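Here is my_file.txt, consisting of compact mmCIF, C-alpha atoms:
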```
# COMPACT_ATOMS: atom_id res chain seq x y z
CA MET A 1 -65.06 42.11 -18.71
CA ALA A 2 -64.11 44.72 -16.15
CA LEU A 3 -60.51 44.06 -16.95
CA TYR A 4 -61.05 45.01 -20.56
CA ASP A 5 -63.14 48.01 -19.58
CA ASN A 6 -60.14 49.39 -17.76
CA LEU A 7 -57.90 49.05 -20.78
CA PRO A 8 -57.45 52.46 -22.42
CA LEU A 9 -58.53 51.74 -25.97
CA GLN A 10 -56.68 54.66 -27.45
CA LYS A 11 -53.45 53.51 -25.84
CA ALA A 12 -53.94 50.02 -27.22
CA ILE A 13 -54.50 51.34 -30.73
CA SER A 14 -51.51 53.64 -30.57
CA SER A 15 -49.41 50.72 -29.32
CA ILE A 16 -50.42 48.55 -32.24
CA SER A 17 -49.88 51.34 -34.72
CA SER A 18 -46.40 51.92 -33.34
CA LEU A 19 -45.25 48.42 -34.12
CA PRO A 20 -41.87 48.36 -35.83
CA GLU A 21 -41.97 47.88 -39.58
CA VAL A 22 -40.06 44.81 -40.69
CA LYS A 23 -38.92 45.42 -44.26
CA ASP A 24 -36.65 42.43 -44.60
CA PRO A 25 -37.83 39.68 -42.23
CA GLU A 26 -35.05 37.32 -43.31
CA LYS A 27 -32.32 39.79 -42.43
CA VAL A 28 -34.00 40.73 -39.16
CA TYR A 29 -34.36 37.07 -38.30
CA ALA A 30 -30.72 36.35 -39.06
CA ASP A 31 -29.57 39.45 -37.15
CA ILE A 32 -31.65 38.59 -34.10
CA THR A 33 -30.52 34.99 -33.92
CA ARG A 34 -26.88 35.97 -34.39
CA GLN A 35 -27.25 38.61 -31.69
CA ASP A 36 -28.90 36.09 -29.37
CA TYR A 37 -25.99 33.73 -29.76
CA GLU A 38 -23.50 36.54 -29.12
CA ASN A 39 -25.48 37.47 -26.02
CA TYR A 40 -25.26 33.89 -24.86
CA LEU A 41 -21.48 33.86 -25.33
CA GLN A 42 -21.13 37.14 -23.50
CA ASP A 43 -23.59 36.52 -20.67
CA TYR A 44 -23.52 32.80 -20.01
CA ARG A 45 -20.35 31.19 -21.34
CA GLY A 46 -18.32 32.10 -18.24
CA PHE A 47 -21.18 31.05 -15.99
CA GLU A 48 -21.37 27.74 -17.81
CA GLU A 49 -17.64 27.13 -17.42
CA ARG A 50 -17.80 27.87 -13.71
CA LEU A 51 -20.73 25.50 -13.32
CA ILE A 52 -18.90 22.76 -15.22
CA ALA A 53 -15.92 23.26 -12.91
CA ALA A 54 -18.29 22.97 -9.93
CA ARG A 55 -18.69 19.24 -10.58
CA ASP A 56 -15.42 18.89 -8.63
CA ASP A 57 -16.62 21.11 -5.81
CA THR A 58 -15.38 20.30 -2.26
CA SER A 59 -17.12 23.10 -0.42
CA LEU A 60 -19.27 20.76 1.71
CA VAL A 61 -16.26 18.79 2.96
CA ASP A 62 -14.31 21.96 3.64
CA GLN A 63 -17.28 23.42 5.46
CA ALA A 64 -17.78 20.23 7.54
CA ARG A 65 -14.27 20.54 8.98
CA GLU A 66 -14.93 24.12 9.95
CA ASP A 67 -18.38 23.24 11.32
CA ALA A 68 -17.01 20.45 13.58
CA ARG A 69 -14.38 22.73 15.04
CA ARG A 70 -16.80 25.59 15.49
CA GLN A 71 -19.59 23.48 17.05
CA ALA A 72 -17.19 21.87 19.52
CA GLN A 73 -16.07 25.34 20.52
CA ILE A 74 -19.68 26.56 20.93
CA ALA A 75 -20.66 23.50 22.98
CA GLY A 76 -17.61 23.95 25.21
CA GLU A 77 -18.50 27.59 25.77
CA ILE A 78 -22.10 26.66 26.61
CA GLN A 79 -20.86 24.15 29.13
CA GLN A 80 -18.48 26.68 30.64
CA ARG A 81 -21.27 29.27 31.01
CA ASP A 82 -23.58 26.71 32.68
CA ILE A 83 -20.91 25.72 35.18
CA GLU A 84 -20.15 29.34 35.98
CA ARG A 85 -23.85 30.09 36.29
CA TYR A 86 -24.07 27.53 39.11
CA GLY A 87 -20.76 28.49 40.78
CA GLY A 88 -18.88 25.46 39.62
CA ALA A 89 -21.98 23.28 40.04
CA GLY A 90 -20.16 21.23 42.64
CA LEU A 91 -18.18 19.40 40.01
CA SER A 92 -14.94 17.76 41.03
CA THR A 93 -11.79 18.14 39.00
CA VAL A 94 -12.18 14.62 37.74
CA GLN A 95 -15.72 15.32 36.59
CA ARG A 96 -14.55 18.49 34.81
CA GLN A 97 -11.79 16.51 33.11
CA GLU A 98 -14.29 13.86 32.06
CA GLN A 99 -16.54 16.53 30.59
CA GLN A 100 -13.59 17.87 28.58
CA ARG A 101 -12.68 14.42 27.40
CA ALA A 102 -16.24 13.67 26.39
CA LEU A 103 -16.40 16.91 24.46
CA GLN A 104 -13.12 16.23 22.70
CA ARG A 105 -14.13 12.68 21.92
CA GLN A 106 -17.47 13.76 20.58
CA GLY A 107 -15.79 16.54 18.68
CA ALA A 108 -13.53 14.04 16.95
CA LEU A 109 -16.44 11.72 16.29
CA GLY A 110 -18.52 14.61 15.07
CA LEU A 111 -15.75 15.66 12.73
CA ALA A 112 -15.42 12.14 11.35
CA GLY A 113 -19.15 11.63 11.05
CA GLY A 114 -19.66 15.09 9.61
CA LEU A 115 -16.90 14.58 7.09
CA ASN A 116 -18.33 11.24 6.02
CA THR A 117 -21.79 12.70 5.64
CA ALA A 118 -20.39 15.72 3.84
CA LEU A 119 -18.39 13.53 1.49
CA ILE A 120 -21.46 11.54 0.58
CA SER A 121 -23.56 14.66 0.14
CA GLN A 122 -20.83 16.34 -1.86
CA ARG A 123 -20.49 13.35 -4.12
CA GLU A 124 -24.26 13.17 -4.58
CA THR A 125 -24.55 16.88 -5.35
CA ASN A 126 -21.63 16.80 -7.76
CA GLN A 127 -23.00 13.72 -9.50
CA ARG A 128 -26.40 15.35 -9.88
CA THR A 129 -24.77 18.50 -11.23
CA LEU A 130 -22.77 16.40 -13.66
CA ALA A 131 -25.88 14.52 -14.79
CA ASP A 132 -27.74 17.77 -15.33
CA LEU A 133 -24.80 19.22 -17.25
CA ILE A 134 -24.67 16.09 -19.41
CA ASN A 135 -28.35 16.49 -20.16
CA ILE A 136 -27.78 20.09 -21.18
CA GLY A 137 -24.76 19.01 -23.21
CA GLN A 138 -26.87 16.44 -25.03
CA GLY A 139 -29.21 19.20 -26.08
CA VAL A 140 -26.25 21.31 -27.20
CA ASN A 141 -24.87 18.41 -29.21
CA ARG A 142 -28.26 17.66 -30.71
CA SER A 143 -28.91 21.22 -31.80
CA SER A 144 -25.39 21.68 -33.16
CA LEU A 145 -25.64 18.47 -35.19
CA GLN A 146 -29.02 19.62 -36.41
CA GLY A 147 -27.48 22.91 -37.52
CA LEU A 148 -24.60 21.18 -39.27
CA GLY A 149 -26.99 18.74 -40.91
CA ASP A 150 -29.06 21.62 -42.20
CA ALA A 151 -25.96 23.40 -43.51
CA SER A 152 -24.61 20.29 -45.25
CA GLY A 153 -28.06 19.52 -46.66
CA MET A 154 -28.31 23.01 -48.07
CA ALA A 155 -24.81 22.74 -49.57
CA ALA A 156 -25.73 19.39 -51.12
CA ASN A 157 -28.93 20.88 -52.53
CA ARG A 158 -27.01 23.75 -54.05
CA ALA A 159 -24.45 21.39 -55.56
CA ALA A 160 -27.21 19.17 -56.95
CA ALA A 161 -29.06 22.16 -58.36
CA TYR A 162 -25.86 23.37 -60.02
CA LYS A 163 -25.21 19.91 -61.45
CA ASN A 164 -28.78 19.67 -62.71
CA ALA A 165 -28.57 23.12 -64.26
CA LYS A 166 -25.35 22.17 -66.02
CA ALA A 167 -26.90 18.95 -67.29
CA GLN A 168 -30.00 20.81 -68.42
CA HIS A 169 -27.86 23.40 -70.18
CA SER A 170 -25.86 20.69 -71.89
CA ALA A 171 -29.05 18.97 -73.04
CA ASN A 172 -30.35 22.28 -74.32
CA MET A 173 -27.15 22.88 -76.30
CA ILE A 174 -27.35 19.42 -77.86
CA SER A 175 -30.98 20.00 -78.76
CA THR A 176 -30.04 23.38 -80.21
CA GLY A 177 -27.28 21.83 -82.29
CA ALA A 178 -29.71 19.28 -83.59
CA GLN A 179 -32.23 21.96 -84.50
CA LEU A 180 -29.56 24.03 -86.22
CA GLY A 181 -28.44 20.97 -88.14
CA THR A 182 -31.99 20.28 -89.20
CA ALA A 183 -32.43 23.90 -90.26
CA ALA A 184 -29.19 23.77 -92.24
CA LEU A 185 -30.31 20.61 -93.96
CA MET A 186 -33.60 22.24 -94.83
CA PHE A 187 -31.82 25.36 -95.98
CA PHE A 188 -29.53 23.59 -98.34
CA GLY A 189 -32.32 21.35 -99.45
CA ILE A 190 -30.38 18.22 -98.65
CA MET B 1 -49.86 36.46 -74.26
CA SER B 2 -49.20 36.77 -70.55
CA SER B 3 -47.70 39.96 -69.18
CA LYS B 4 -44.39 40.20 -67.39
CA PRO B 5 -44.58 39.32 -63.67
CA LYS B 6 -44.91 42.42 -61.53
CA LYS B 7 -42.84 42.77 -58.43
CA GLN B 8 -45.67 44.31 -56.47
CA ASN B 9 -47.64 41.09 -56.88
CA TYR B 10 -44.96 39.35 -54.87
CA GLN B 11 -44.91 41.77 -51.94
CA ALA B 12 -45.73 40.58 -48.43
CA THR B 13 -49.39 40.69 -47.57
CA ALA B 14 -50.70 42.89 -44.79
CA GLN B 15 -51.07 39.79 -42.63
CA GLU B 16 -47.44 38.82 -43.13
CA LYS B 17 -46.27 42.35 -42.39
CA THR B 18 -48.33 42.49 -39.21
CA GLN B 19 -47.13 39.07 -38.15
CA ALA B 20 -43.51 40.10 -38.65
CA ALA B 21 -44.06 43.39 -36.85
CA VAL B 22 -45.74 41.72 -33.86
CA ALA B 23 -43.02 39.09 -33.68
CA LYS B 24 -40.33 41.77 -33.77
CA ALA B 25 -42.10 43.79 -31.07
CA GLU B 26 -42.43 40.71 -28.90
CA LYS B 27 -38.77 39.87 -29.39
CA ASP B 28 -37.76 43.40 -28.42
CA TYR B 29 -40.00 43.19 -25.38
CA PHE B 30 -38.45 39.86 -24.40
CA ASP B 31 -34.94 41.28 -24.76
CA GLN B 32 -35.80 44.29 -22.65
CA THR B 33 -37.90 42.56 -20.01
CA TYR B 34 -37.19 38.85 -19.66
CA ALA B 35 -33.56 38.54 -20.74
CA PRO B 36 -32.37 40.81 -17.87
CA LEU B 37 -34.39 38.68 -15.45
CA LEU B 38 -32.46 35.58 -16.44
CA ARG B 39 -29.17 37.46 -16.11
CA GLU B 40 -30.31 38.63 -12.69
CA MET B 41 -31.11 35.06 -11.69
CA ARG B 42 -27.69 33.98 -12.98
CA ASP B 43 -26.00 36.52 -10.71
CA THR B 44 -28.23 35.64 -7.77
CA SER B 45 -27.59 31.93 -8.17
CA GLU B 46 -23.86 32.54 -7.95
CA ARG B 47 -23.86 35.23 -5.31
CA GLU B 48 -26.55 34.09 -2.91
CA ASP B 49 -25.19 31.88 -0.14
CA LEU B 50 -28.05 29.44 0.30
CA GLY B 51 -25.80 27.13 2.34
CA GLY B 52 -25.04 29.91 4.79
CA LEU B 53 -28.71 30.74 5.10
CA ALA B 54 -29.61 27.13 5.74
CA ARG B 55 -26.78 26.70 8.28
CA GLY B 56 -27.93 29.76 10.17
CA THR B 57 -31.48 28.49 10.37
CA SER B 58 -30.30 25.04 11.30
CA GLN B 59 -28.04 26.36 14.05
CA ALA B 60 -30.87 28.34 15.56
CA ASP B 61 -33.16 25.30 15.50
CA THR B 62 -30.50 23.06 17.00
CA MET B 63 -29.71 25.38 19.86
CA GLN B 64 -33.35 26.03 20.50
CA ALA B 65 -33.97 22.31 20.73
CA LEU B 66 -30.91 21.38 22.81
CA THR B 67 -30.49 24.42 25.05
CA GLY B 68 -33.87 26.08 24.74
CA GLY B 69 -35.10 25.18 28.21
CA ARG B 70 -34.10 26.87 31.41
CA PRO B 71 -30.51 26.42 32.54
CA SER B 72 -30.43 23.62 35.06
CA LEU B 73 -27.96 22.20 37.50
CA ALA B 74 -28.46 18.79 35.96
CA ALA B 75 -27.41 20.13 32.59
CA ALA B 76 -24.40 21.88 34.08
CA THR B 77 -23.23 18.76 35.83
CA SER B 78 -23.88 16.41 32.95
CA VAL B 79 -20.68 14.89 31.63
CA ASP B 80 -21.71 14.42 28.01
CA ARG B 81 -24.27 17.18 27.43
CA ALA B 82 -21.83 19.51 25.65
CA ALA B 83 -20.57 16.64 23.56
CA ASP B 84 -24.15 15.80 22.53
CA ILE B 85 -24.79 19.41 21.58
CA ALA B 86 -21.64 19.51 19.44
CA SER B 87 -22.47 16.22 17.79
CA GLY B 88 -26.04 17.17 16.98
CA ALA B 89 -25.07 20.61 15.75
CA VAL B 90 -22.39 19.29 13.40
CA ALA B 91 -24.80 16.80 11.83
CA GLN B 92 -27.40 19.52 11.40
CA GLN B 93 -24.87 21.89 9.90
CA VAL B 94 -23.69 19.35 7.36
CA ALA B 95 -27.28 18.56 6.37
CA ALA B 96 -28.06 22.26 6.03
CA SER B 97 -24.97 22.87 3.91
CA SER B 98 -25.92 19.96 1.66
CA GLN B 99 -29.44 21.25 1.17
CA GLY B 100 -28.20 24.76 0.49
CA LEU B 101 -25.63 23.62 -2.04
CA ALA B 102 -28.13 21.33 -3.78
CA ALA B 103 -30.63 24.17 -4.06
CA GLN B 104 -27.96 26.52 -5.40
CA ARG B 105 -26.80 24.02 -8.01
CA GLN B 106 -30.38 23.33 -9.03
CA ARG B 107 -30.97 27.01 -9.56
CA GLN B 108 -27.74 27.41 -11.52
CA ILE B 109 -28.55 24.42 -13.69
CA GLY B 110 -31.98 25.91 -14.34
CA VAL B 111 -30.43 29.20 -15.45
CA LEU B 112 -27.93 27.46 -17.70
CA GLY B 113 -30.59 25.18 -19.16
CA THR B 114 -32.79 28.14 -19.98
CA ALA B 115 -29.86 30.09 -21.45
CA ARG B 116 -28.80 27.06 -23.44
CA GLY B 117 -32.36 26.60 -24.62
CA GLN B 118 -32.36 30.16 -25.86
CA ALA B 119 -29.00 29.61 -27.56
CA ALA B 120 -30.40 26.48 -29.19
CA ASP B 121 -33.40 28.51 -30.35
CA ALA B 122 -30.99 31.07 -31.75
CA GLN B 123 -29.05 28.40 -33.64
CA ALA B 124 -32.24 26.87 -34.96
CA GLY B 125 -33.40 30.30 -36.03
CA LEU B 126 -30.15 31.00 -37.82
CA ALA B 127 -30.33 27.64 -39.58
CA GLN B 128 -33.93 28.41 -40.55
CA ALA B 129 -32.88 31.79 -41.92
CA ALA B 130 -29.99 30.20 -43.83
CA ARG B 131 -32.33 27.53 -45.17
CA THR B 132 -34.78 30.17 -46.33
CA ALA B 133 -32.00 32.17 -47.97
CA SER B 134 -30.59 29.05 -49.59
CA THR B 135 -33.97 28.04 -51.00
CA LYS B 136 -34.46 31.55 -52.32
CA GLN B 137 -31.00 31.53 -53.87
CA LEU B 138 -31.67 28.22 -55.58
CA GLN B 139 -35.02 29.40 -56.84
CA ALA B 140 -33.43 32.57 -58.19
CA ALA B 141 -30.67 30.59 -59.89
CA ARG B 142 -33.21 28.23 -61.39
CA ALA B 143 -35.34 31.14 -62.57
CA LYS B 144 -32.35 32.84 -64.17
CA GLN B 145 -31.38 29.64 -65.90
CA GLN B 146 -34.94 29.18 -67.14
CA ILE B 147 -34.96 32.73 -68.49
CA ARG B 148 -31.63 32.17 -70.25
CA ASP B 149 -32.89 28.91 -71.74
CA ALA B 150 -36.17 30.48 -72.80
CA ARG B 151 -34.43 33.43 -74.43
CA PHE B 152 -32.06 31.18 -76.26
CA GLN B 153 -34.89 28.90 -77.33
CA ALA B 154 -36.93 31.87 -78.53
CA GLY B 155 -33.98 33.14 -80.57
CA LEU B 156 -33.47 29.71 -81.95
CA ASP B 157 -37.14 29.38 -82.89
CA VAL B 158 -37.10 32.75 -84.63
CA GLY B 159 -33.87 31.88 -86.40
CA SER B 160 -35.18 28.48 -87.43
CA ALA B 161 -38.40 29.98 -88.72
CA PHE B 162 -36.40 32.65 -90.54
CA ALA B 163 -34.11 30.07 -92.13
CA ALA B 164 -37.03 27.76 -93.00
CA GLN B 165 -38.94 30.59 -94.62
CA GLY B 166 -35.80 31.72 -96.46
CA ALA B 167 -35.18 28.20 -97.71
CA LYS B 168 -38.77 28.00 -98.82
CA ASN B 169 -38.41 31.36 -100.56
CA LEU B 170 -35.22 30.25 -102.31
CA GLY B 171 -36.89 27.03 -103.37
CA SER B 172 -39.70 28.97 -104.98
CA TYR B 173 -37.20 30.34 -107.52
CA ASP B 174 -36.33 26.88 -108.81
CA THR B 175 -38.52 27.40 -111.87
CA LYS B 176 -37.67 27.67 -115.48
CA GLU B 177 -38.87 31.29 -115.61
CA PHE B 178 -36.30 32.49 -113.08
CA LYS B 179 -33.52 30.20 -114.20
CA ASP B 180 -33.81 31.50 -117.76
CA ARG B 181 -34.06 35.13 -116.78
CA GLU B 182 -31.08 37.12 -117.97
CA ILE B 183 -31.84 40.57 -116.58
CA ASN B 184 -33.39 41.69 -113.30
CA LYS B 185 -32.45 38.37 -111.86
CA PRO B 186 -32.95 38.73 -108.06
CA GLY B 187 -29.86 38.29 -105.91
CA PHE B 188 -29.44 35.77 -103.12
CA PHE B 189 -30.73 37.91 -100.26
CA THR B 190 -33.63 39.20 -102.33
CA ARG B 191 -34.58 35.62 -103.13
CA PHE B 192 -34.04 34.62 -99.55
CA LEU B 193 -36.27 37.34 -98.21
CA ASN B 194 -38.94 37.24 -100.90
CA PRO B 195 -40.82 34.35 -102.43
CA SER B 196 -40.84 34.13 -106.20
CA SER B 197 -44.49 35.10 -106.22
CA VAL B 198 -43.37 38.67 -105.55
CA TYR B 199 -41.88 38.68 -108.97
CA GLY B 200 -44.63 36.60 -110.47
CA THR B 201 -48.20 37.55 -111.23
CA GLU B 202 -49.40 40.89 -109.96
CA ASP B 203 -52.18 39.46 -107.83
CA SER B 204 -49.70 37.55 -105.65
CA MET B 205 -48.42 40.68 -103.89
CA GLY B 206 -50.21 39.95 -100.67
CA GLN B 207 -48.52 36.58 -100.27
CA SER B 208 -45.15 38.02 -99.38
CA ARG B 209 -45.20 37.82 -95.63
CA MET B 210 -41.49 38.24 -95.41
CA LYS B 211 -41.56 41.36 -97.57
CA TYR B 212 -44.41 42.81 -95.55
CA GLY B 213 -42.75 41.94 -92.28
CA THR B 214 -39.41 43.42 -93.26
CA GLY B 215 -41.00 46.69 -94.40
CA LEU B 216 -40.02 46.45 -98.00
CA TYR B 217 -43.40 47.82 -99.04
CA GLY B 218 -43.31 51.51 -99.42
CA LEU B 219 -39.56 51.66 -99.66
CA GLY B 220 -39.39 51.67 -103.40
CA GLY B 221 -39.50 47.91 -103.60
CA ASP B 222 -40.09 46.14 -106.78
CA GLY B 223 -43.59 44.93 -105.91
```

Would you kindly transcribe this structure into structure tokens?
Amino acid sequence: MALYDNLPLQKAISSISSLPEVKDPEKVYADITRQDYENYLQDYRGFEERLIAARDDTSLVDQAREDARRQAQIAGEIQQRDIERYGGAGLSTVQRQEQQRALQRQGALGLAGGLNTALISQRETNQRTLADLINIGQGVNRSSLQGLGDASGMAANRAAAYKNAKAQHSANMISTGAQLGTAALMFFGI
Amino acid sequence: MSSKPKKQNYQATAQEKTQAAVAKAEKDYFDQTYAPLLREMRDTSEREDLGGLARGTSQADTMQALTGGRPSLAAATSVDRAADIASGAVAQQVAASSQGLAAQRQRQIGVLGTARGQAADAQAGLAQAARTASTKQLQAARAKQQIRDARFQAGLDVGSAFAAQGAKNLGSYDTKEFKDREINKPGFFTRFLNPSSVYGTEDSMGQSRMKYGTGLYGLGGDG
């Protein structure tokens, strides 16, 4: 109740009284829907095309390559800082070489594993995107068929109405002829 | 006899006018308020790098987990510690990128679905408007045809009645009195328009409906 108490009544009334007058609702309706569709074409068609193209996206795989290289570099730098922090840490040359080899080996394995994982994820994401796009496309197809069905139905109705009107007119003319004939017969007393 | 239909009787009611006005106001409000929000979300979904955000968070978590403790001699001397860090970090980065991309796609699909839903609404609205216009057009055509038929039929009825009455009038002259008359013999149109009673007994004046209807009384007629 307090919510409504705070509402300025005069403002509400003036808002309602300032509603736009709709003189021709049909025209307004047609204009709005046409404008909405034009807005869609202008605002979302490009976006839609980019999203459709994204079903072939490879950004995860590309990123995985970069990630493997970068993470190996970071890990190597961490190792180097730790060794320097402890003055060489008493490591022999052979141990240092083994550390490097282990890092390289793990880097290669990490790249392979990362790429495999990225490929699977990429495929999954792209497939999901494709499925979602197909679902949207089904709706587009459905609504467009509905629109075409309506249009063809209306055309058929108009054609049928015209045919009926012609038939009705023809029947009227025949009836008129018959009446005129009857009147003529009466007139001439035949 | 019923009067002609009045256009004002077919005007929209106050309820219909208000309904249309409210709907138009709401549509304008939607266009001004909500439509820009969807466009904003469209731009955000394309521009925002959710993968980068996720990778950054993931990297921080990974390093906190694997190097978060104090530096130690054991860690410095470990042969495979750096390799483990690299391996773990790569896996985390790939997972983060996947999550980020999936979230971005989901958001983009949501935007497109909503936009497409609005476009479908627009198409349905246009079809509805066309259907309404078509129905109106058919009704108008039917009404015009009915008016044409009715006018023609009315003319025909009047003409038929006119001819029938004329024939009846002409028939009323098929008597010996008129056939034998040598002077003041009424002509064809006079006989057609007036029954023989007009020229008969004086008290039959009022029977001439045709004469009365055509205004012959008072115009120097022969009654």

What separates CA of Ala89 (chain A) and CA of Thr77 (chain B) is a distance of 6.3 Å

Within 8 Å of region 160-165 of chain A, counting all atoms listed in the file, which residues qualify if same-chain residues fewer than 4 places away don't, as a PDB file with C-alpha atoms, in the frame of the given file?
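Saved to result11.pdb:
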```
ATOM      1  CA  ALA A 156     -25.730  19.390 -51.120  1.00  0.00           C
ATOM      2  CA  HIS A 169     -27.860  23.400 -70.180  1.00  0.00           C
TER       3      HIS A 169
ATOM      4  CA  LEU B 138     -31.670  28.220 -55.580  1.00  0.00           C
ATOM      5  CA  ARG B 142     -33.210  28.230 -61.390  1.00  0.00           C
ATOM      6  CA  GLN B 145     -31.380  29.640 -65.900  1.00  0.00           C
TER       7      GLN B 145
END
```

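Of the listed residues (A:Arg70, A:Arg158, A:Arg34, A:Arg45), A:Arg70 comes nearest to Ala89 (chain B); the distances count all atoms listed in the file.
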
Please report as a PyMOL selection string which residues of chain A come no farther than 7 Å from chain B, using all atoms listed in the file. chain A and resi 19-22+25-26+29-30+33-34+36-37+40+48+60+64+67-68+71-72+75-76+79+82-83+86+89+91+98-99+102-103+106-107+110+114+118+121+125+129+132+136+140+143+147+150+154+158+183+186-187

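If you look at CA of Arg55 (chain A) and CA of Ala112 (chain A), they are 23.3 Å away from each other.
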
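CA of Asn116 (chain A) is positioned 8.4 Å from CA of Val61 (chain A).
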
Query raised in the report: Can you tell me, as number ranges by chain, what residues are no more than 12 Å from Asp56 (chain A) when counting only C-alpha atoms, ignoring any on the same chain fewer than 2 positions away?
Result: A: 50-54, 58-61, 119, 122-130
